[in-house]
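Asker: Shown below is the structure under consideration.
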Amino acid sequence: MTDAGTAFAVDVTDARKRFGAIQALDGITLRVPRGQVYGLLGPNGSGKTTLIRTILGLVDGVEGEVTLLGTRMPDREVLARIGYMTQAAALYGDLTAEENVRFFARIHGGGDVDAALRFVELEDRRSAVVATLSGGMRTRLSLACALVHQPEVLLLDEPTVGVDPQLRVQLWNGFRAMAAGGTTIIISSHVMDEAERCDRLGLIRAGRLLAEGSAADLLALAGADRLENAFLTLAEGSS
Amino acid sequence: MSWRRTLAITARLLAQFRHDHRTLAILFAAPLVILGIFALLLGGGGDLPGVGVVNADAGPLGSAIVRQLEASEFVDARIVDTTKAEEQLTSGELAAYVVLPTDLTASVMHGAALDPEIHLRGTEPSASAATLRSVQQAMVAAASELAALGGLTVPELAPVVSYRYGGADLDSLDLLGGPFVGLLVFFIVYLVTSVSFLRERSLGTLERLMASPLRRTEIVVGYSLGFSVVALLQAAEILLFSLWILDLYNAGNVLLIFLVEALLVLGAVNLGIFLSTFARSEFQAVQFIPVVISPQILLSGVIVPVSAEPSWLQVVSNVMPLTYAVDALRAIMLEGANLASDVILRDVAVLAGFTVLMVVAAAATLRRRVA
Ligand SMILES: Nc1ncnc2c1ncn2[C@@H]1O[C@H](COP(=O)(O)OP(=O)(O)O)[C@@H](O)[C@H]1O
Ligand SMILES: [Mg+2]
């Protein structure tokens, strides 16, 4: 399923957003082709969440242009084909795992609840009330809610923060499998060791994209051996 | 006990107040506003209850009573004829009328009791009380006046009181119960709705809803329907409890009462959703109570009739939905008014209009402060 004329699932041109004195987005241009796993790396407060919300059309007063699956944002209809996992696991604590997933499926026009629960390995806890689940389980459930309607684009805001290494590996395997099936994934993180798993990376700081490329590209560009150092070098170069 | 630790709590609390201007405003401004309204309400200054006087008495006692009534500071007395008095009592223009019969002076001179007819409308407890009190005073004053001139001994007072609606056996509960039911439903539904809707915001799930194809109107109407189901059940329960267990007087159709309550509930649900778009926390939603709910309770006509308020305050009362619900509930339960009555039609239309307005307003402001 492709929209004629657009190879990019996500296309952001010169996005700018100011919150009072803070320039949260300072002219970001970003293009993500279909089926790519794009990693948005940057420290806290660098504008990752604002950028993701801007892509979704949730931020008022943004300058610049955002196109999502060929649709100029903001637009509500196209959101049926998008999945969004918020930074904090936003769930209904008094509903069961299954009821949460089913609700998000229904507001997106339907989805496979069983498959989503299986994907995050929560089938056996489907009848558990969310308030009784552990933090890691809630994170997984939140992911299940974001992908239950089999979205074409999945926006994940720091999905692996606070997740143990074993589960992190599982989740990443899942993301790769989805990308192999054609899903475009944008995933934000402030942890550099996840970067190698992305097809392409964007380093963001103070609302600007400092550099883009594969992990290897960025290492070569900065002449560094580790991404952490590459980030520091590139950040210095920009200021 | 460590004072250092204890005072750390105190200092932190004061620092929080310093940052929370809204709470400070409510803490220091709301009581003055509410007390001010209260003083205006009970201090009078608005229209006094209208009392008609049909004076057929040939002797001086009738005119003396009329003079005293006209001077009364509790009622607005005016001379009327019987036909007009009947008409105006029905329409509500008069709270009561008094008939002084042809032979009033003559029979009192012959030692009979002073027994004018007092026809009370009976729907407004404060107006009935004011009427009875002022007529009593006028009779005493007029009779003593004539007694002082000689030729008359102060007679026994035995006014014959009749009620247009309800009756003498209606107690305060019967008179205030209906409006109070409306008030209660409105208040509780508002509270529950606004707090639950804010939970959606503070949990972050509203952000997810906004990132779905759901339209704002769909969110608001969906919420509104969900709460309305529960709120309508609550309204039904309260109504049945009032009528069957508390045995509230009701001269009207129970379904019509329920219709008015239902419209009030729908309005309260959507007011709750609308106002919660201006609050960031459940705490702030609760803070709207003294600002939005208390004045409505004071000004809705439950405590003091709207017509008795100073005229500028009447303007405020007349833009509040609760006023129309109270008016309709009184008219239905005490007067047995039905859908053929213009007053009921107007009240129902205003309540329905308010609900629609709140749905639109809530949908329009929902975008604010999602984050
Ligand atoms: N709704 C908001 N109001 C005011 N400032 C905001 C808002 N959202 C984000 N910001 C500010 O914008 C900057 C970027 O925030 P964010 O996009 O959340 O960063 P990140 O997700 O990378 O940690 C921060 O300085 C943050 O304080
Ligand atoms: Mg963030």
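So you can find residues: chains in the structure tokens are A, B, ... in the order shown, residues in each start at 1, and ligands are numbered from 1 in order.
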Name the residues of stretch 107-240 of chain B that come out as strand (DSSP E) in a backbone DSSP run; write them as a PyMOL selection string.
Answerer: chain B and resi 117-120+160-163
Asker: List all protein, DNA and RNA residues that have at least one atom no more than 12 Å from any atom of ligand 2, counting only C-alpha atoms and all ligand atoms, and write them as a CSV table (one decimal) with C-alpha atoms, in the first residue's frame.
Answerer:
```csv
chain,number,residue,atom,x,y,z
A,24,ALA,CA,11.8,23.3,21.4
A,40,LEU,CA,16.0,9.8,17.2
A,41,LEU,CA,18.8,10.2,19.6
A,42,GLY,CA,19.2,13.1,22.0
A,43,PRO,CA,19.5,14.1,25.6
A,44,ASN,CA,16.5,15.0,27.8
A,45,GLY,CA,14.8,18.2,26.7
A,46,SER,CA,16.3,18.1,23.3
A,47,GLY,CA,12.9,18.1,21.6
A,48,LYS,CA,12.3,14.4,20.8
A,49,THR,CA,8.8,14.2,22.3
A,50,THR,CA,7.9,17.6,20.7
A,51,LEU,CA,9.0,16.4,17.3
A,52,ILE,CA,7.0,13.1,17.6
A,53,ARG,CA,3.9,15.1,18.7
A,85,MET,CA,3.4,5.0,22.2
A,86,THR,CA,3.7,7.8,24.6
A,87,GLN,CA,6.7,8.3,26.8
A,88,ALA,CA,4.9,7.3,30.0
A,156,LEU,CA,7.7,5.1,19.9
A,157,ASP,CA,8.7,7.7,22.4
A,158,GLU,CA,11.5,6.2,24.5
A,159,PRO,CA,9.9,2.8,24.7
A,161,VAL,CA,13.4,3.3,29.2
A,187,ILE,CA,11.9,5.5,17.9
A,188,SER,CA,13.4,8.0,20.3
A,189,SER,CA,16.0,7.3,22.9
A,190,HIS,CA,18.6,8.9,25.0
A,204,ILE,CA,19.0,15.9,18.0
A,207,GLY,CA,15.6,21.4,18.8
B,371,ALA,CA,0.4,17.4,27.1
```
Asker: Could I get the residues of chain A with an atom no further than 6 Å from an atom of chain B, each paired with its nearest atom pair and that distance in Å to one decimal, using only C-alpha atoms, sorted by chain and residue number, as CSV?
Answerer:
```
residue,atom,partner,partner_atom,distance
A:Arg76,CA,B:Pro213,CA,4.7
A:Glu77,CA,B:Pro213,CA,5.2
A:Leu79,CA,B:Pro213,CA,5.2
A:Ala80,CA,B:Pro213,CA,5.4
A:Ala90,CA,B:Gly204,CA,5.0
```
Asker: Considering only C-alpha atoms, return as a JSON list (two decimals) with all heavy atoms, in the first residue's frame whatever protein or nucleic-acid residues lie within 7 Å of B:Ser228, sequence-local ones (same chain, fewer than 4 positions apart) excluded.
Answerer:
```
[["chain", "number", "residue", "atom", "x", "y", "z"],
["B", 224, "SER", "N", -19.88, 12.12, 27.25],
["B", 224, "SER", "CA", -21.15, 12.65, 27.72],
["B", 224, "SER", "C", -22.19, 11.53, 27.82],
["B", 224, "SER", "O", -22.91, 11.42, 28.81],
["B", 224, "SER", "CB", -21.56, 13.74, 26.74],
["B", 224, "SER", "OG", -22.80, 14.19, 27.02],
["B", 232, "LEU", "N", -28.19, 9.54, 34.77],
["B", 232, "LEU", "CA", -29.65, 9.42, 34.66],
["B", 232, "LEU", "C", -30.18, 8.39, 35.64],
["B", 232, "LEU", "O", -31.24, 8.58, 36.25],
["B", 232, "LEU", "CB", -30.05, 9.06, 33.23],
["B", 232, "LEU", "CG", -29.89, 10.19, 32.21],
["B", 232, "LEU", "CD1", -30.27, 9.72, 30.82],
["B", 232, "LEU", "CD2", -30.72, 11.40, 32.60],
["B", 266, "LEU", "N", -27.63, 16.25, 31.83],
["B", 266, "LEU", "CA", -26.85, 16.33, 30.60],
["B", 266, "LEU", "C", -26.06, 17.64, 30.58],
["B", 266, "LEU", "O", -24.90, 17.67, 30.18],
["B", 266, "LEU", "CB", -27.76, 16.24, 29.38],
["B", 266, "LEU", "CG", -28.47, 14.90, 29.20],
["B", 266, "LEU", "CD1", -29.38, 14.93, 27.98],
["B", 266, "LEU", "CD2", -27.45, 13.78, 29.04],
["B", 269, "VAL", "N", -23.13, 17.27, 33.03],
["B", 269, "VAL", "CA", -22.08, 16.42, 32.47],
["B", 269, "VAL", "C", -21.20, 17.23, 31.53],
["B", 269, "VAL", "O", -19.97, 17.24, 31.64],
["B", 269, "VAL", "CB", -22.69, 15.22, 31.71],
["B", 269, "VAL", "CG1", -21.66, 14.56, 30.81],
["B", 269, "VAL", "CG2", -23.26, 14.20, 32.68]]
```
Asker: As number ranges by chain, please: the residues near stretch 34-39 of chain A (cut-off 7 Å, only C-alpha atoms, same-chain neighbours under 2 positions excluded).
Answerer: A: 7-9, 32, 41, 179-180, 182-188, 195, 198-202
Asker: For each of A:Gly27, A:Gly111, A:Gly83, A:Gly93, take the minimum atom-to-atom distance to A:Val62, counting only C-alpha atoms, then give the residue where this is smallest.
Answerer: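 Nearest candidate to A:Val62 out of A:Gly27, A:Gly111, A:Gly83, A:Gly93: A:Gly27.
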Asker: Pick out each residue of stretch 45-291 of chain B that DSSP on the backbone tags as helix (DSSP H, G or I); I need them as a PyMOL selection string.
Answerer: chain B and resi 60-71+82-91+104-109+125-149+172-203+205-210+216-245+254-276+282-291
Asker: With a distance cut-off of 7 Å and only C-alpha atoms, select the neighbouring residues of stretch 183-186 of chain B, excluding the residue or stretch itself and same-chain residues fewer than 5 positions from it, and output the selection as a compact mmCIF listing (two decimals) with C-alpha atoms, in the first residue's frame.
Answerer:
```
# COMPACT_ATOMS: atom_id res chain seq x y z
CA ALA B 235 -31.36 11.07 38.91
CA LEU B 264 -30.11 19.23 33.93
CA VAL B 265 -27.91 16.15 34.25
CA ALA B 268 -23.98 19.22 34.21
CA ILE B 297 -26.93 27.33 44.11
```
Asker: Compare A:Glu152, A:Glu228, A:Asp60, A:Asp75 by their minimum atom-to-atom distance to ligand 1, counting only C-alpha atoms and all ligand atoms, and give me the closest one.
Answerer: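 Closest to ligand 1 of all the choices is A:Asp60.
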Asker: Measuring atom to atom with only C-alpha atoms, identify which of B:Tyr190, B:Tyr163, B:Tyr249, B:Phe227 is nearest to B:Gly177.
Answerer: B:Tyr249
Asker: At a cut-off of 10 Å, using only C-alpha atoms, what residues contact stretch 218-225 of chain A? Leave out same-chain residues fewer than 5 positions from it and give the result as a ChimeraX atom specification.
Answerer: /A:200-203,211-213,230-234,237
Asker: With all heavy atoms retained, write the just-selected residues as a short mmCIF file (atom, residue, chain, number, x, y, z; two decimals), in the first residue's frame.
Answerer:
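Output contents, as saved in selection-v9.cif:
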```cif
data_model
loop_
_atom_site.label_atom_id
_atom_site.label_comp_id
_atom_site.auth_asym_id
_atom_site.auth_seq_id
_atom_site.Cartn_x
_atom_site.Cartn_y
_atom_site.Cartn_z
N ARG A 200 18.80 4.08 10.45
CA ARG A 200 19.30 5.43 10.29
C ARG A 200 19.09 6.16 11.60
O ARG A 200 18.16 5.89 12.34
CB ARG A 200 18.50 6.11 9.17
CG ARG A 200 19.10 7.36 8.61
CD ARG A 200 18.27 7.81 7.40
NE ARG A 200 18.47 9.21 7.09
CZ ARG A 200 19.51 9.66 6.41
NH1 ARG A 200 20.42 8.82 5.94
NH2 ARG A 200 19.65 10.95 6.17
N LEU A 201 19.99 7.09 11.88
CA LEU A 201 19.92 7.82 13.14
C LEU A 201 19.85 9.31 12.88
O LEU A 201 20.41 9.81 11.90
CB LEU A 201 21.18 7.55 13.97
CG LEU A 201 21.41 6.13 14.45
CD1 LEU A 201 22.79 6.01 15.08
CD2 LEU A 201 20.34 5.76 15.45
N GLY A 202 19.18 10.01 13.76
CA GLY A 202 19.25 11.46 13.74
C GLY A 202 19.65 11.90 15.14
O GLY A 202 19.05 11.48 16.12
N LEU A 203 20.71 12.72 15.21
CA LEU A 203 21.13 13.23 16.52
C LEU A 203 20.47 14.58 16.73
O LEU A 203 20.63 15.49 15.92
CB LEU A 203 22.65 13.39 16.58
CG LEU A 203 23.49 12.12 16.40
CD1 LEU A 203 24.95 12.41 16.73
CD2 LEU A 203 22.97 11.00 17.29
N ALA A 211 23.14 15.80 13.08
CA ALA A 211 23.69 14.94 12.04
C ALA A 211 22.75 13.78 11.81
O ALA A 211 21.95 13.43 12.67
CB ALA A 211 25.06 14.41 12.47
N GLU A 212 22.79 13.22 10.61
CA GLU A 212 21.96 12.07 10.28
C GLU A 212 22.81 11.02 9.56
O GLU A 212 23.77 11.37 8.88
CB GLU A 212 20.85 12.49 9.32
CG GLU A 212 19.60 12.96 9.98
CD GLU A 212 18.49 13.12 8.96
OE1 GLU A 212 18.66 13.90 8.02
OE2 GLU A 212 17.47 12.41 9.09
N GLY A 213 22.44 9.79 9.66
CA GLY A 213 23.13 8.73 8.93
C GLY A 213 23.05 7.43 9.70
O GLY A 213 22.46 7.38 10.78
N ALA A 230 30.91 10.21 19.54
CA ALA A 230 30.53 10.86 18.29
C ALA A 230 29.52 11.96 18.58
O ALA A 230 29.61 13.07 18.06
CB ALA A 230 29.94 9.83 17.32
N PHE A 231 28.57 11.65 19.45
CA PHE A 231 27.54 12.63 19.78
C PHE A 231 28.17 13.88 20.40
O PHE A 231 27.87 15.01 20.03
CB PHE A 231 26.52 12.02 20.73
CG PHE A 231 25.31 12.88 20.94
CD1 PHE A 231 24.20 12.73 20.13
CD2 PHE A 231 25.30 13.87 21.91
CE1 PHE A 231 23.10 13.54 20.29
CE2 PHE A 231 24.20 14.69 22.07
CZ PHE A 231 23.10 14.53 21.27
N LEU A 232 29.08 13.64 21.35
CA LEU A 232 29.73 14.77 22.03
C LEU A 232 30.51 15.62 21.03
O LEU A 232 30.42 16.84 21.03
CB LEU A 232 30.66 14.26 23.13
CG LEU A 232 29.94 13.63 24.33
CD1 LEU A 232 30.94 13.04 25.32
CD2 LEU A 232 29.05 14.67 25.01
N THR A 233 31.26 14.95 20.12
CA THR A 233 32.04 15.67 19.12
C THR A 233 31.13 16.51 18.24
O THR A 233 31.37 17.70 18.01
CB THR A 233 32.82 14.67 18.23
OG1 THR A 233 33.49 13.74 19.09
CG2 THR A 233 33.82 15.39 17.36
N LEU A 234 30.05 15.88 17.75
CA LEU A 234 29.16 16.59 16.84
C LEU A 234 28.43 17.73 17.55
O LEU A 234 28.19 18.78 16.96
CB LEU A 234 28.15 15.61 16.23
CG LEU A 234 28.79 14.58 15.29
CD1 LEU A 234 27.83 13.43 14.99
CD2 LEU A 234 29.25 15.25 14.00
N GLY A 237 30.83 20.59 17.85
CA GLY A 237 31.01 21.21 16.53
C GLY A 237 29.87 22.15 16.19
O GLY A 237 30.05 23.12 15.47
#
```
Asker: Out of B:Ala56, B:Leu271, B:Leu175, B:Val326, which residue has the shortest atom-to-atom distance to B:Leu357 when counting only C-alpha atoms?
Answerer: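 Answer, going by the shortest atom-to-atom distance: B:Leu271.
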Asker: Which distance in Å separates atom CA of B:Arg346 and atom CA of B:Ala328, to one decimal?
Answerer: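 Those two atoms sit 9.0 Å apart.
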Asker: I'd like the interatomic distance between atom CA of B:Leu233 and atom CA of A:Leu95, to a tenth of an Å.
Answerer: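 Distance between the two atoms: 22.4 Å.
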